[in-house]
$ cat data.cif   # mmCIF, C-alpha atoms
data_input
#
loop_
_atom_site.label_atom_id
_atom_site.label_comp_id
_atom_site.auth_asym_id
_atom_site.auth_seq_id
_atom_site.Cartn_x
_atom_site.Cartn_y
_atom_site.Cartn_z
CA MET K 1 -77.59 73.35 -70.54
CA THR K 2 -75.21 72.49 -67.67
CA ILE K 3 -74.43 68.84 -67.12
CA THR K 4 -73.35 67.87 -63.62
CA SER K 5 -71.26 64.73 -63.66
CA PRO K 6 -71.48 62.40 -60.67
CA ALA K 7 -68.42 61.62 -58.61
CA ALA K 8 -66.12 59.52 -60.75
CA LEU K 9 -65.06 57.26 -57.92
CA ARG K 10 -66.78 55.85 -54.87
CA ILE K 11 -64.68 53.53 -52.73
CA ALA K 12 -64.78 52.20 -49.18
CA VAL K 13 -61.61 52.92 -47.22
CA ASN K 14 -61.32 51.05 -43.90
CA GLY K 15 -65.09 50.64 -43.89
CA GLU K 16 -65.80 54.31 -44.59
CA GLU K 17 -67.22 55.40 -47.98
CA ARG K 18 -65.23 58.09 -49.76
CA ARG K 19 -66.01 59.96 -52.99
CA PHE K 20 -63.45 61.37 -55.37
CA ALA K 21 -63.95 63.61 -58.39
CA GLU K 22 -61.56 61.67 -60.59
CA ALA K 23 -59.96 58.28 -60.95
CA LEU K 24 -56.95 57.63 -58.72
CA THR K 25 -54.09 55.20 -58.38
CA VAL K 26 -53.30 53.72 -54.99
CA THR K 27 -50.35 56.11 -54.65
CA GLU K 28 -52.54 59.10 -55.46
CA LEU K 29 -55.17 57.97 -52.97
CA LEU K 30 -52.63 57.62 -50.16
CA THR K 31 -51.18 61.03 -50.98
CA THR K 32 -54.67 62.57 -51.00
CA ILE K 33 -55.44 61.08 -47.59
CA GLY K 34 -52.05 62.17 -46.25
CA LEU K 35 -50.41 58.78 -45.71
CA ASP K 36 -46.82 57.79 -46.37
CA PRO K 37 -46.92 54.79 -48.77
CA ARG K 38 -43.74 53.44 -47.16
CA LYS K 39 -45.45 52.97 -43.78
CA VAL K 40 -48.68 51.20 -44.74
CA ALA K 41 -50.00 48.11 -46.53
CA VAL K 42 -53.04 48.15 -48.81
CA GLU K 43 -55.58 45.44 -49.49
CA ARG K 44 -57.97 45.90 -52.43
CA ASN K 45 -61.07 43.71 -52.54
CA LEU K 46 -59.36 41.15 -50.26
CA GLU K 47 -56.25 41.06 -52.47
CA ILE K 48 -52.98 42.63 -51.27
CA VAL K 49 -51.60 45.33 -53.54
CA PRO K 50 -47.79 45.02 -53.72
CA ARG K 51 -46.11 48.30 -52.78
CA SER K 52 -44.24 48.21 -56.08
CA ALA K 53 -47.61 48.32 -57.87
CA TYR K 54 -49.16 51.27 -56.00
CA ALA K 55 -48.41 53.78 -58.77
CA ALA K 56 -49.76 51.51 -61.51
CA THR K 57 -52.88 50.25 -59.74
CA ARG K 58 -55.91 52.34 -60.72
CA LEU K 59 -58.89 52.18 -58.42
CA ALA K 60 -62.37 51.42 -59.71
CA ASP K 61 -65.79 52.49 -58.54
CA GLY K 62 -66.99 50.22 -55.73
CA ASP K 63 -63.53 49.08 -54.65
CA ARG K 64 -63.09 48.20 -50.98
CA LEU K 65 -59.72 49.07 -49.47
CA GLU K 66 -58.10 48.21 -46.16
CA ILE K 67 -55.09 50.33 -45.21
CA VAL K 68 -53.14 49.06 -42.21
CA HIS K 69 -49.99 49.79 -40.26
CA PHE K 70 -48.20 48.46 -37.19
CA ILE K 71 -49.23 49.63 -33.75
CA GLY K 72 -47.94 49.02 -30.24
CA GLY K 73 -49.57 47.49 -28.41
CA GLY K 74 -33.19 53.87 -29.27
CA ALA K 75 -31.06 50.83 -29.41
CA PRO K 76 -30.82 48.45 -26.44
CA GLU K 77 -28.48 49.78 -23.78
CA GLY K 78 -25.49 47.60 -24.43
CA ALA K 79 -25.36 43.88 -25.16
CA PRO K 80 -27.13 41.72 -22.56
CA ALA K 81 -25.16 39.18 -20.53
CA SER K 82 -26.36 36.47 -22.93
CA ALA K 83 -24.58 38.00 -25.93
CA ASP K 84 -22.36 34.89 -26.13
CA ASP K 85 -25.41 32.64 -25.74
CA PRO K 86 -27.90 34.01 -28.31
CA LEU K 87 -31.47 32.98 -28.83
CA VAL K 88 -31.57 31.58 -32.36
CA VAL K 89 -34.96 31.62 -34.10
CA ALA K 90 -35.20 30.59 -37.75
CA GLY K 91 -31.53 31.36 -38.23
CA ARG K 92 -31.73 34.81 -36.59
CA ASN K 93 -29.45 35.51 -33.64
CA LEU K 94 -31.09 37.57 -30.88
CA ARG K 95 -28.84 38.91 -28.14
CA SER K 96 -31.68 39.02 -25.62
CA ARG K 97 -33.93 36.13 -24.65
CA LEU K 98 -36.60 38.58 -23.57
CA ILE K 99 -39.20 39.49 -26.21
CA VAL K 100 -41.40 42.45 -25.39
CA GLY K 101 -44.85 43.49 -26.59
CA THR K 102 -45.57 47.08 -27.56
CA GLY K 103 -49.16 47.53 -26.38
CA LYS K 104 -50.80 49.03 -23.28
CA TYR K 105 -48.21 51.76 -22.63
CA LYS K 106 -49.48 55.28 -22.06
CA ASP K 107 -47.77 56.55 -25.22
CA PHE K 108 -45.09 55.66 -27.75
CA GLU K 109 -42.43 57.53 -25.75
CA GLU K 110 -42.96 55.24 -22.77
CA THR K 111 -43.02 52.23 -25.09
CA ALA K 112 -39.61 53.13 -26.48
CA ARG K 113 -38.11 53.81 -23.04
CA ALA K 114 -39.39 50.54 -21.57
CA ILE K 115 -38.12 48.45 -24.48
CA GLU K 116 -34.74 50.13 -24.30
CA ALA K 117 -34.57 49.34 -20.58
CA SER K 118 -35.58 45.71 -21.19
CA GLY K 119 -32.63 45.11 -23.51
CA ALA K 120 -34.96 43.29 -25.91
CA ASP K 121 -34.13 43.33 -29.58
CA MET K 122 -37.36 41.66 -30.76
CA VAL K 123 -40.76 43.32 -30.27
CA THR K 124 -44.25 42.13 -31.13
CA VAL K 125 -46.47 44.47 -33.14
CA ALA K 126 -50.15 44.29 -34.03
CA VAL K 127 -51.58 45.06 -37.47
CA ARG K 128 -54.45 47.56 -37.38
CA ARG K 129 -56.31 49.93 -39.68
CA VAL K 130 -54.78 53.34 -40.23
CA ASN K 131 -56.86 56.18 -38.79
CA ILE K 132 -57.73 57.84 -42.11
CA SER K 133 -59.52 60.66 -40.28
CA ASP K 134 -56.21 61.70 -38.70
CA PRO K 135 -53.40 60.29 -40.87
CA LYS K 136 -50.77 62.46 -39.19
CA GLN K 137 -51.03 60.55 -35.92
CA PRO K 138 -47.63 59.14 -34.85
CA MET K 139 -46.85 55.56 -35.78
CA LEU K 140 -44.84 52.98 -33.89
CA VAL K 141 -42.13 52.94 -36.57
CA ASP K 142 -41.43 56.59 -35.69
CA TYR K 143 -40.31 55.48 -32.21
CA LEU K 144 -38.94 51.94 -32.68
CA ASP K 145 -36.69 51.72 -35.70
CA PRO K 146 -37.25 48.41 -37.59
CA LYS K 147 -33.60 48.59 -38.60
CA ILE K 148 -32.63 48.31 -34.92
CA TYR K 149 -35.38 46.10 -33.54
CA THR K 150 -36.70 42.88 -35.05
CA TYR K 151 -40.43 43.41 -35.56
CA LEU K 152 -42.57 40.34 -34.92
CA PRO K 153 -46.02 40.95 -36.45
CA ASN K 154 -48.73 39.04 -34.62
CA THR K 155 -52.39 38.17 -35.10
CA ALA K 156 -53.70 39.51 -31.79
CA GLY K 157 -57.49 39.70 -31.88
CA CYS K 158 -57.96 37.03 -34.58
CA TYR K 159 -60.54 34.31 -33.85
CA THR K 160 -60.38 32.38 -37.14
CA GLY K 161 -57.58 30.90 -39.16
CA GLU K 162 -58.65 32.90 -42.21
CA ASP K 163 -58.39 36.21 -40.34
CA ALA K 164 -54.96 35.28 -39.00
CA VAL K 165 -53.60 34.32 -42.43
CA ARG K 166 -55.04 37.47 -44.03
CA THR K 167 -53.54 39.66 -41.30
CA LEU K 168 -50.06 38.19 -41.65
CA ARG K 169 -50.11 38.49 -45.43
CA LEU K 170 -50.83 42.19 -44.98
CA ALA K 171 -48.03 42.39 -42.41
CA ARG K 172 -45.58 40.85 -44.85
CA GLU K 173 -46.57 43.43 -47.45
CA ALA K 174 -46.31 46.31 -44.96
CA GLY K 175 -42.81 45.53 -43.80
CA GLY K 176 -41.46 42.56 -45.69
CA TRP K 177 -41.41 40.37 -42.57
CA SER K 178 -41.79 36.62 -42.99
CA LEU K 179 -41.01 35.80 -39.35
CA VAL K 180 -44.38 36.16 -37.60
CA LYS K 181 -46.26 35.24 -34.45
CA LEU K 182 -49.48 33.31 -34.93
CA GLU K 183 -52.24 33.35 -32.35
CA VAL K 184 -55.81 32.29 -33.00
CA LEU K 185 -58.02 32.92 -29.99
CA GLY K 186 -60.98 30.77 -29.06
CA ASP K 187 -62.59 32.57 -26.14
CA LYS K 188 -62.87 36.29 -25.37
CA ARG K 189 -62.92 35.80 -21.61
CA THR K 190 -59.81 33.64 -21.23
CA LEU K 191 -58.06 34.42 -24.56
CA TYR K 192 -57.02 30.78 -24.68
CA PRO K 193 -55.89 29.61 -28.11
CA ASP K 194 -58.26 27.77 -30.43
CA MET K 195 -55.91 24.89 -31.16
CA PRO K 196 -57.73 23.32 -34.17
CA GLU K 197 -57.79 26.74 -35.88
CA THR K 198 -54.19 27.38 -34.83
CA LEU K 199 -53.03 24.12 -36.40
CA ARG K 200 -54.92 24.86 -39.61
CA ALA K 201 -53.59 28.42 -39.88
CA ALA K 202 -50.04 27.31 -39.08
CA GLU K 203 -50.09 24.78 -41.91
CA LEU K 204 -51.36 27.40 -44.39
CA LEU K 205 -48.75 29.96 -43.33
CA VAL K 206 -45.83 27.54 -43.47
CA LYS K 207 -46.88 26.50 -46.99
CA ASP K 208 -47.02 30.20 -47.91
CA GLY K 209 -43.39 30.73 -46.93
CA PHE K 210 -43.85 32.22 -43.46
CA GLN K 211 -41.60 31.37 -40.51
CA VAL K 212 -44.17 30.85 -37.79
CA MET K 213 -43.70 31.35 -34.07
CA VAL K 214 -46.92 30.03 -32.57
CA TYR K 215 -48.87 30.83 -29.39
CA CYS K 216 -50.43 27.63 -28.08
CA SER K 217 -51.79 25.78 -25.09
CA ASP K 218 -49.40 23.97 -22.75
CA ASP K 219 -50.32 20.59 -24.25
CA PRO K 220 -47.10 18.68 -25.12
CA ILE K 221 -48.82 16.62 -27.85
CA LEU K 222 -50.24 19.64 -29.69
CA ALA K 223 -46.96 21.51 -29.26
CA LYS K 224 -45.14 18.66 -31.00
CA ARG K 225 -47.70 18.66 -33.83
CA LEU K 226 -47.06 22.35 -34.41
CA GLU K 227 -43.32 21.73 -34.58
CA ASP K 228 -43.89 18.86 -37.02
CA LEU K 229 -45.91 21.23 -39.24
CA GLY K 230 -42.82 23.42 -39.55
CA CYS K 231 -43.27 26.11 -36.89
CA VAL K 232 -39.93 27.70 -35.94
CA ALA K 233 -40.77 28.36 -32.27
CA ILE K 234 -43.37 26.98 -29.87
CA MET K 235 -44.90 29.51 -27.47
CA PRO K 236 -47.01 27.87 -24.75
CA LEU K 237 -48.93 30.08 -22.35
CA ALA K 238 -47.89 30.22 -18.71
CA ALA K 239 -51.37 31.49 -17.75
CA PRO K 240 -54.12 33.48 -19.51
CA ILE K 241 -52.94 36.54 -21.44
CA GLY K 242 -52.62 39.58 -19.19
CA SER K 243 -53.45 37.62 -16.00
CA GLY K 244 -50.05 37.92 -14.30
CA LEU K 245 -50.59 34.54 -12.62
CA GLY K 246 -47.20 33.14 -13.53
CA ILE K 247 -46.47 29.58 -14.67
CA GLN K 248 -49.42 27.42 -13.69
CA ASN K 249 -48.24 24.13 -15.15
CA PRO K 250 -44.44 23.82 -14.94
CA VAL K 251 -44.56 20.07 -15.58
CA ASN K 252 -46.13 20.49 -19.03
CA ILE K 253 -43.79 23.35 -19.92
CA ARG K 254 -40.83 21.15 -19.04
CA LEU K 255 -42.23 18.26 -21.13
CA ILE K 256 -42.62 20.60 -24.12
CA VAL K 257 -39.04 21.83 -23.68
CA GLU K 258 -37.63 18.30 -23.49
CA ALA K 259 -39.45 17.15 -26.66
CA ALA K 260 -38.83 20.24 -28.81
CA LYS K 261 -36.04 20.73 -31.34
CA VAL K 262 -37.03 24.38 -31.87
CA PRO K 263 -37.01 27.18 -29.26
CA VAL K 264 -39.75 27.06 -26.62
CA ILE K 265 -40.70 30.56 -25.48
CA VAL K 266 -43.17 31.10 -22.66
CA ASP K 267 -45.83 33.50 -23.88
CA ALA K 268 -48.55 35.08 -21.72
CA GLY K 269 -49.27 35.13 -18.01
CA VAL K 270 -45.95 36.33 -16.59
CA GLY K 271 -46.54 38.82 -13.78
CA THR K 272 -43.22 39.62 -12.18
CA ALA K 273 -39.50 38.93 -12.41
CA SER K 274 -39.59 35.65 -10.49
CA ASP K 275 -42.05 34.24 -13.04
CA ALA K 276 -39.61 35.01 -15.85
CA ALA K 277 -36.75 33.41 -13.92
CA VAL K 278 -38.80 30.24 -13.33
CA ALA K 279 -39.57 29.97 -17.05
CA MET K 280 -35.89 30.20 -17.89
CA GLU K 281 -34.89 27.74 -15.15
CA LEU K 282 -37.29 25.21 -16.72
CA GLY K 283 -35.13 25.35 -19.83
CA CYS K 284 -37.23 27.68 -21.98
CA ALA K 285 -35.29 29.50 -24.66
CA GLY K 286 -36.97 32.81 -23.89
CA VAL K 287 -39.94 34.67 -22.46
CA LEU K 288 -42.40 36.98 -24.20
CA MET K 289 -44.33 39.52 -22.13
CA ASN K 290 -46.23 42.78 -22.43
CA THR K 291 -48.71 43.48 -19.62
CA ALA K 292 -46.26 42.61 -16.84
CA ILE K 293 -44.11 45.56 -17.89
CA ALA K 294 -46.67 47.96 -19.36
CA GLU K 295 -49.06 47.78 -16.38
CA ALA K 296 -46.42 47.89 -13.66
CA LYS K 297 -46.45 51.01 -11.51
CA ASP K 298 -43.03 51.83 -12.93
CA PRO K 299 -42.77 50.19 -16.38
CA ILE K 300 -39.17 51.28 -16.95
CA ARG K 301 -37.94 49.80 -13.69
CA MET K 302 -39.95 46.61 -14.24
CA ALA K 303 -38.45 46.28 -17.73
CA ARG K 304 -34.97 46.30 -16.19
CA ALA K 305 -36.08 43.74 -13.58
CA MET K 306 -37.40 41.42 -16.29
CA ARG K 307 -34.17 41.75 -18.23
CA LEU K 308 -32.12 40.72 -15.22
CA ALA K 309 -34.53 37.90 -14.30
CA VAL K 310 -34.33 36.35 -17.76
CA GLU K 311 -30.54 36.55 -17.69
CA ALA K 312 -30.34 35.09 -14.16
CA GLY K 313 -32.77 32.28 -14.97
CA ARG K 314 -30.80 31.33 -18.07
CA LEU K 315 -27.51 31.30 -16.16
CA ALA K 316 -29.06 29.15 -13.40
CA TYR K 317 -30.36 26.67 -15.99
CA LEU K 318 -26.95 26.41 -17.66
CA ALA K 319 -25.22 26.07 -14.28
CA GLY K 320 -27.48 23.20 -13.19
CA ARG K 321 -29.22 23.48 -9.86
CA MET K 322 -28.28 21.39 -6.84
CA PRO K 323 -30.42 18.28 -6.24
CA LYS K 324 -33.35 18.54 -3.90
CA LYS K 325 -32.93 16.51 -0.69
CA LEU K 326 -35.28 15.35 1.99
CA TYR K 327 -32.89 16.05 4.88
CA ALA K 328 -30.27 18.66 5.75
CA ASP K 329 -26.74 18.39 4.40
CA PRO K 330 -24.19 20.60 6.24
CA SER K 331 -22.16 22.87 4.03
CA SER K 332 -19.18 22.94 6.41
CA PRO K 333 -16.93 19.84 6.67
CA LEU K 334 -17.26 17.85 9.87
CA GLY K 335 -13.61 16.74 9.91
CA GLY K 336 -11.48 18.60 12.48
CA LEU K 337 -14.53 19.63 14.48
CA ILE K 338 -13.50 21.03 17.90
#
$ encode --input "data.cif" --output "structure tokens"
Amino acid sequence: MTITSPAALRIAVNGEERRFAEALTVTELLTTIGLDPRKVAVERNLEIVPRSAYAATRLADGDRLEIVHFIGGGAPEGAPASADDPLVVAGRNLRSRLIVGTGKYKDFEETARAIEASGADMVTVAVRRVNISDPKQPMLVDYLDPKIYTYLPNTAGCYTGEDAVRTLRLAREAGGWSLVKLEVLGDKRTLYPDMPETLRAAELLVKDGFQVMVYCSDDPILAKRLEDLGCVAIMPLAAPIGSGLGIQNPVNIRLIVEAAKVPVIVDAGVGTASDAAVAMELGCAGVLMNTAIAEAKDPIRMARAMRLAVEAGRLAYLAGRMPKKLYADPSSPLGGLI
């Protein structure tokens, strides 16, 4: 009599059921799928599996796994003009005050070229499921070396505090990063932040040892509350994400800057170089943007323009603008007039 044994292991990987003929460790599973364990993070039944435990963690029938990596949304070409005036975030010195997102480009090659042209040395990255059907697809880390660029994992697409915290815990496991960008969205049409959820998630993350840069509304009171919770940078929107409308409420941005003891970085809504310059002239420590570069007709040229605008705006702020006057004031002396 022939006995046919059922599959020894049935597990759900990124929502897709898979069957295996024998028991596997996490390392063996990743190898079977064709994934490099060094480039992914694994969550088992809502608990993160430390990378150091992959080889010792045996999977059980019915396990549910999430396998994620960083997606996008060369070294910078020389030190920016602000090399002697760095942006300092949580003790990290950044040569450039321009932070660039990695999404919306046509491919990873264009992403890398645009970021090189921008001079940025910090880039935001989203955490997404690995495509287990095609594990050989290129990954962002193949084009932007984390040893050269500071990766800033974010919670783009999260609408609850729980999802944001879970995402960033996976990000920390995937790359060891504790400096993160928190955003909790409240509305799919405007992508405005849900501030009660943002405050709750920020408190949880700070207690968990994260250094939190936080996307928020341009409300000076809520911005101060986030700083008091321990956030290392406050990131008020200039306008809705991806709108390109520029700074809609410069008065509130200025009030946030004046009250803050941590860097204030305008995040979202910048459309062109003049918008970036205005943000810097208001006293912001930096500007974060993605769509303004990625959706320009010439992203590489726009990246250079944004780099120069941020540098010019910072220099103008440090120089101190002339006072505004109601009437004309001649620039040539009147003494000795013929």
$ residues_around --input "data.cif" --residues "region 289-299 of chain K" --least-positions-apart "5" --cutoff "8 Å" --atoms "all atoms listed in the file" --output "short mmCIF file (atom, residue, chain, number, x, y, z; two decimals) with C-alpha atoms, in the coordinates of the input"
data_model
loop_
_atom_site.label_atom_id
_atom_site.label_comp_id
_atom_site.auth_asym_id
_atom_site.auth_seq_id
_atom_site.Cartn_x
_atom_site.Cartn_y
_atom_site.Cartn_z
CA LEU K 98 -36.60 38.58 -23.57
CA ILE K 99 -39.20 39.49 -26.21
CA VAL K 100 -41.40 42.45 -25.39
CA GLY K 101 -44.85 43.49 -26.59
CA THR K 102 -45.57 47.08 -27.56
CA GLY K 103 -49.16 47.53 -26.38
CA LYS K 104 -50.80 49.03 -23.28
CA TYR K 105 -48.21 51.76 -22.63
CA ALA K 114 -39.39 50.54 -21.57
CA GLY K 242 -52.62 39.58 -19.19
CA GLY K 244 -50.05 37.92 -14.30
CA ASP K 267 -45.83 33.50 -23.88
CA ALA K 268 -48.55 35.08 -21.72
CA GLY K 269 -49.27 35.13 -18.01
CA VAL K 270 -45.95 36.33 -16.59
CA GLY K 271 -46.54 38.82 -13.78
CA THR K 272 -43.22 39.62 -12.18
#
$ resolve_selection --input "data.cif" --expression "the PyMOL selection byres ((chain K and resi 230-240) around 7)" --output "PyMOL selection string"
chain K and resi 89-90+190-192+206+211-218+223+226-229+241-243+245-248+262-270
$ axis_aligned_box --input "data.cif" --around "region 230-249 of chain K" --padding-each-side "5 Å" --output "AutoDock Vina command-line options"
--center_x -47.0 --center_y 31.5 --center_z -26.1 --size_x 24.2 --size_y 26.2 --size_z 36.9
$ atom_distance --input "data.cif" --atom1 "CA of Asp142 (chain K)" --atom2 "CA of Pro37 (chain K)"
14.3 Å
$ atom_distance --input "data.cif" --atom1 "CA of Pro153 (chain K)" --atom2 "CA of Asn14 (chain K)"
19.8 Å
$ closest_residue --input "data.cif" --among "K:Met122, K:Leu168, K:Ala273, K:Val88" --to "Lys147 (chain K)" --atoms "all atoms listed in the file"
K:Met122
$ atom_distance --input "data.cif" --atom1 "CA of Ser118 (chain K)" --atom2 "CA of Val287 (chain K)"
11.9 Å
$ residues_near_point --input "data.cif" --point "(-43.0, 59.2, -25.2)" --cutoff "12 Å" --atoms "all atoms listed in the file" --output "CSV table (one decimal) with C-alpha atoms, in the coordinates of the input"
chain,number,residue,atom,x,y,z
K,74,GLY,CA,-33.2,53.9,-29.3
K,105,TYR,CA,-48.2,51.8,-22.6
K,106,LYS,CA,-49.5,55.3,-22.1
K,107,ASP,CA,-47.8,56.6,-25.2
K,108,PHE,CA,-45.1,55.7,-27.8
K,109,GLU,CA,-42.4,57.5,-25.8
K,110,GLU,CA,-43.0,55.2,-22.8
K,111,THR,CA,-43.0,52.2,-25.1
K,112,ALA,CA,-39.6,53.1,-26.5
K,113,ARG,CA,-38.1,53.8,-23.0
K,114,ALA,CA,-39.4,50.5,-21.6
K,115,ILE,CA,-38.1,48.4,-24.5
K,138,PRO,CA,-47.6,59.1,-34.8
K,139,MET,CA,-46.8,55.6,-35.8
K,140,LEU,CA,-44.8,53.0,-33.9
K,142,ASP,CA,-41.4,56.6,-35.7
K,143,TYR,CA,-40.3,55.5,-32.2
K,144,LEU,CA,-38.9,51.9,-32.7
$ closest_residue --input "data.cif" --among "K:Arg95, K:Lys39, K:Arg44, K:Arg200" --to "Lys136 (chain K)" --atoms "all atoms listed in the file"
K:Lys39
$ residues_near_point --input "data.cif" --point "(-54.1, 40.9, -31.2)" --cutoff "8 Å" --atoms "all atoms listed in the file" --output "list in words"
Ala126, Val127, Asn154, Thr155, Ala156, Gly157, Cys158 and Glu183 of chain K
$ residues_around --input "data.cif" --residues "region 46-63 of chain K" --least-positions-apart "6" --cutoff "12 Å" --atoms "only C-alpha atoms" --output "MDAnalysis selection string"
chainID K and resid 6:31 36:40 162:163 165:176
$ write_last_selection --input "data.cif" --atoms "C-alpha atoms" --output "mmCIF file, keeping the file's coordinate frame"
data_model
loop_
_atom_site.group_PDB
_atom_site.id
_atom_site.type_symbol
_atom_site.label_atom_id
_atom_site.label_comp_id
_atom_site.auth_asym_id
_atom_site.auth_seq_id
_atom_site.Cartn_x
_atom_site.Cartn_y
_atom_site.Cartn_z
ATOM 1 C CA PRO K 6 -71.480 62.400 -60.670
ATOM 2 C CA ALA K 7 -68.420 61.620 -58.610
ATOM 3 C CA ALA K 8 -66.120 59.520 -60.750
ATOM 4 C CA LEU K 9 -65.060 57.260 -57.920
ATOM 5 C CA ARG K 10 -66.780 55.850 -54.870
ATOM 6 C CA ILE K 11 -64.680 53.530 -52.730
ATOM 7 C CA ALA K 12 -64.780 52.200 -49.180
ATOM 8 C CA VAL K 13 -61.610 52.920 -47.220
ATOM 9 C CA ASN K 14 -61.320 51.050 -43.900
ATOM 10 C CA GLY K 15 -65.090 50.640 -43.890
ATOM 11 C CA GLU K 16 -65.800 54.310 -44.590
ATOM 12 C CA GLU K 17 -67.220 55.400 -47.980
ATOM 13 C CA ARG K 18 -65.230 58.090 -49.760
ATOM 14 C CA ARG K 19 -66.010 59.960 -52.990
ATOM 15 C CA PHE K 20 -63.450 61.370 -55.370
ATOM 16 C CA ALA K 21 -63.950 63.610 -58.390
ATOM 17 C CA GLU K 22 -61.560 61.670 -60.590
ATOM 18 C CA ALA K 23 -59.960 58.280 -60.950
ATOM 19 C CA LEU K 24 -56.950 57.630 -58.720
ATOM 20 C CA THR K 25 -54.090 55.200 -58.380
ATOM 21 C CA VAL K 26 -53.300 53.720 -54.990
ATOM 22 C CA THR K 27 -50.350 56.110 -54.650
ATOM 23 C CA GLU K 28 -52.540 59.100 -55.460
ATOM 24 C CA LEU K 29 -55.170 57.970 -52.970
ATOM 25 C CA LEU K 30 -52.630 57.620 -50.160
ATOM 26 C CA THR K 31 -51.180 61.030 -50.980
ATOM 27 C CA ASP K 36 -46.820 57.790 -46.370
ATOM 28 C CA PRO K 37 -46.920 54.790 -48.770
ATOM 29 C CA ARG K 38 -43.740 53.440 -47.160
ATOM 30 C CA LYS K 39 -45.450 52.970 -43.780
ATOM 31 C CA VAL K 40 -48.680 51.200 -44.740
ATOM 32 C CA GLU K 162 -58.650 32.900 -42.210
ATOM 33 C CA ASP K 163 -58.390 36.210 -40.340
ATOM 34 C CA VAL K 165 -53.600 34.320 -42.430
ATOM 35 C CA ARG K 166 -55.040 37.470 -44.030
ATOM 36 C CA THR K 167 -53.540 39.660 -41.300
ATOM 37 C CA LEU K 168 -50.060 38.190 -41.650
ATOM 38 C CA ARG K 169 -50.110 38.490 -45.430
ATOM 39 C CA LEU K 170 -50.830 42.190 -44.980
ATOM 40 C CA ALA K 171 -48.030 42.390 -42.410
ATOM 41 C CA ARG K 172 -45.580 40.850 -44.850
ATOM 42 C CA GLU K 173 -46.570 43.430 -47.450
ATOM 43 C CA ALA K 174 -46.310 46.310 -44.960
ATOM 44 C CA GLY K 175 -42.810 45.530 -43.800
ATOM 45 C CA GLY K 176 -41.460 42.560 -45.690
#
$ resolve_selection --input "data.cif" --expression "the PyMOL selection byres ((chain K and resi 311-325) around 6)" --output "PyMOL selection string"
chain K and resi 277+280-281+308-310+326-327
$ resolve_selection --input "data.cif" --expression "the PyMOL selection byres ((chain K and resi 67) around 7)" --output "PyMOL selection string"
chain K and resi 14+40-43+65-66+68+129-130
$ closest_residue --input "data.cif" --among "K:Leu204, K:Leu152, K:Ala164, K:Leu199" --to "Lys181 (chain K)" --atoms "all atoms listed in the file"
K:Leu152
$ closest_residue --input "data.cif" --among "K:Cys284, K:Ile148, K:Ala276, K:Val141" --to "Asp121 (chain K)" --atoms "all atoms listed in the file"
K:Ile148
$ closest_residue --input "data.cif" --among "K:Leu205, K:Ile256, K:Asp187, K:Pro330" --to "Pro220 (chain K)" --atoms "all atoms listed in the file"
K:Ile256
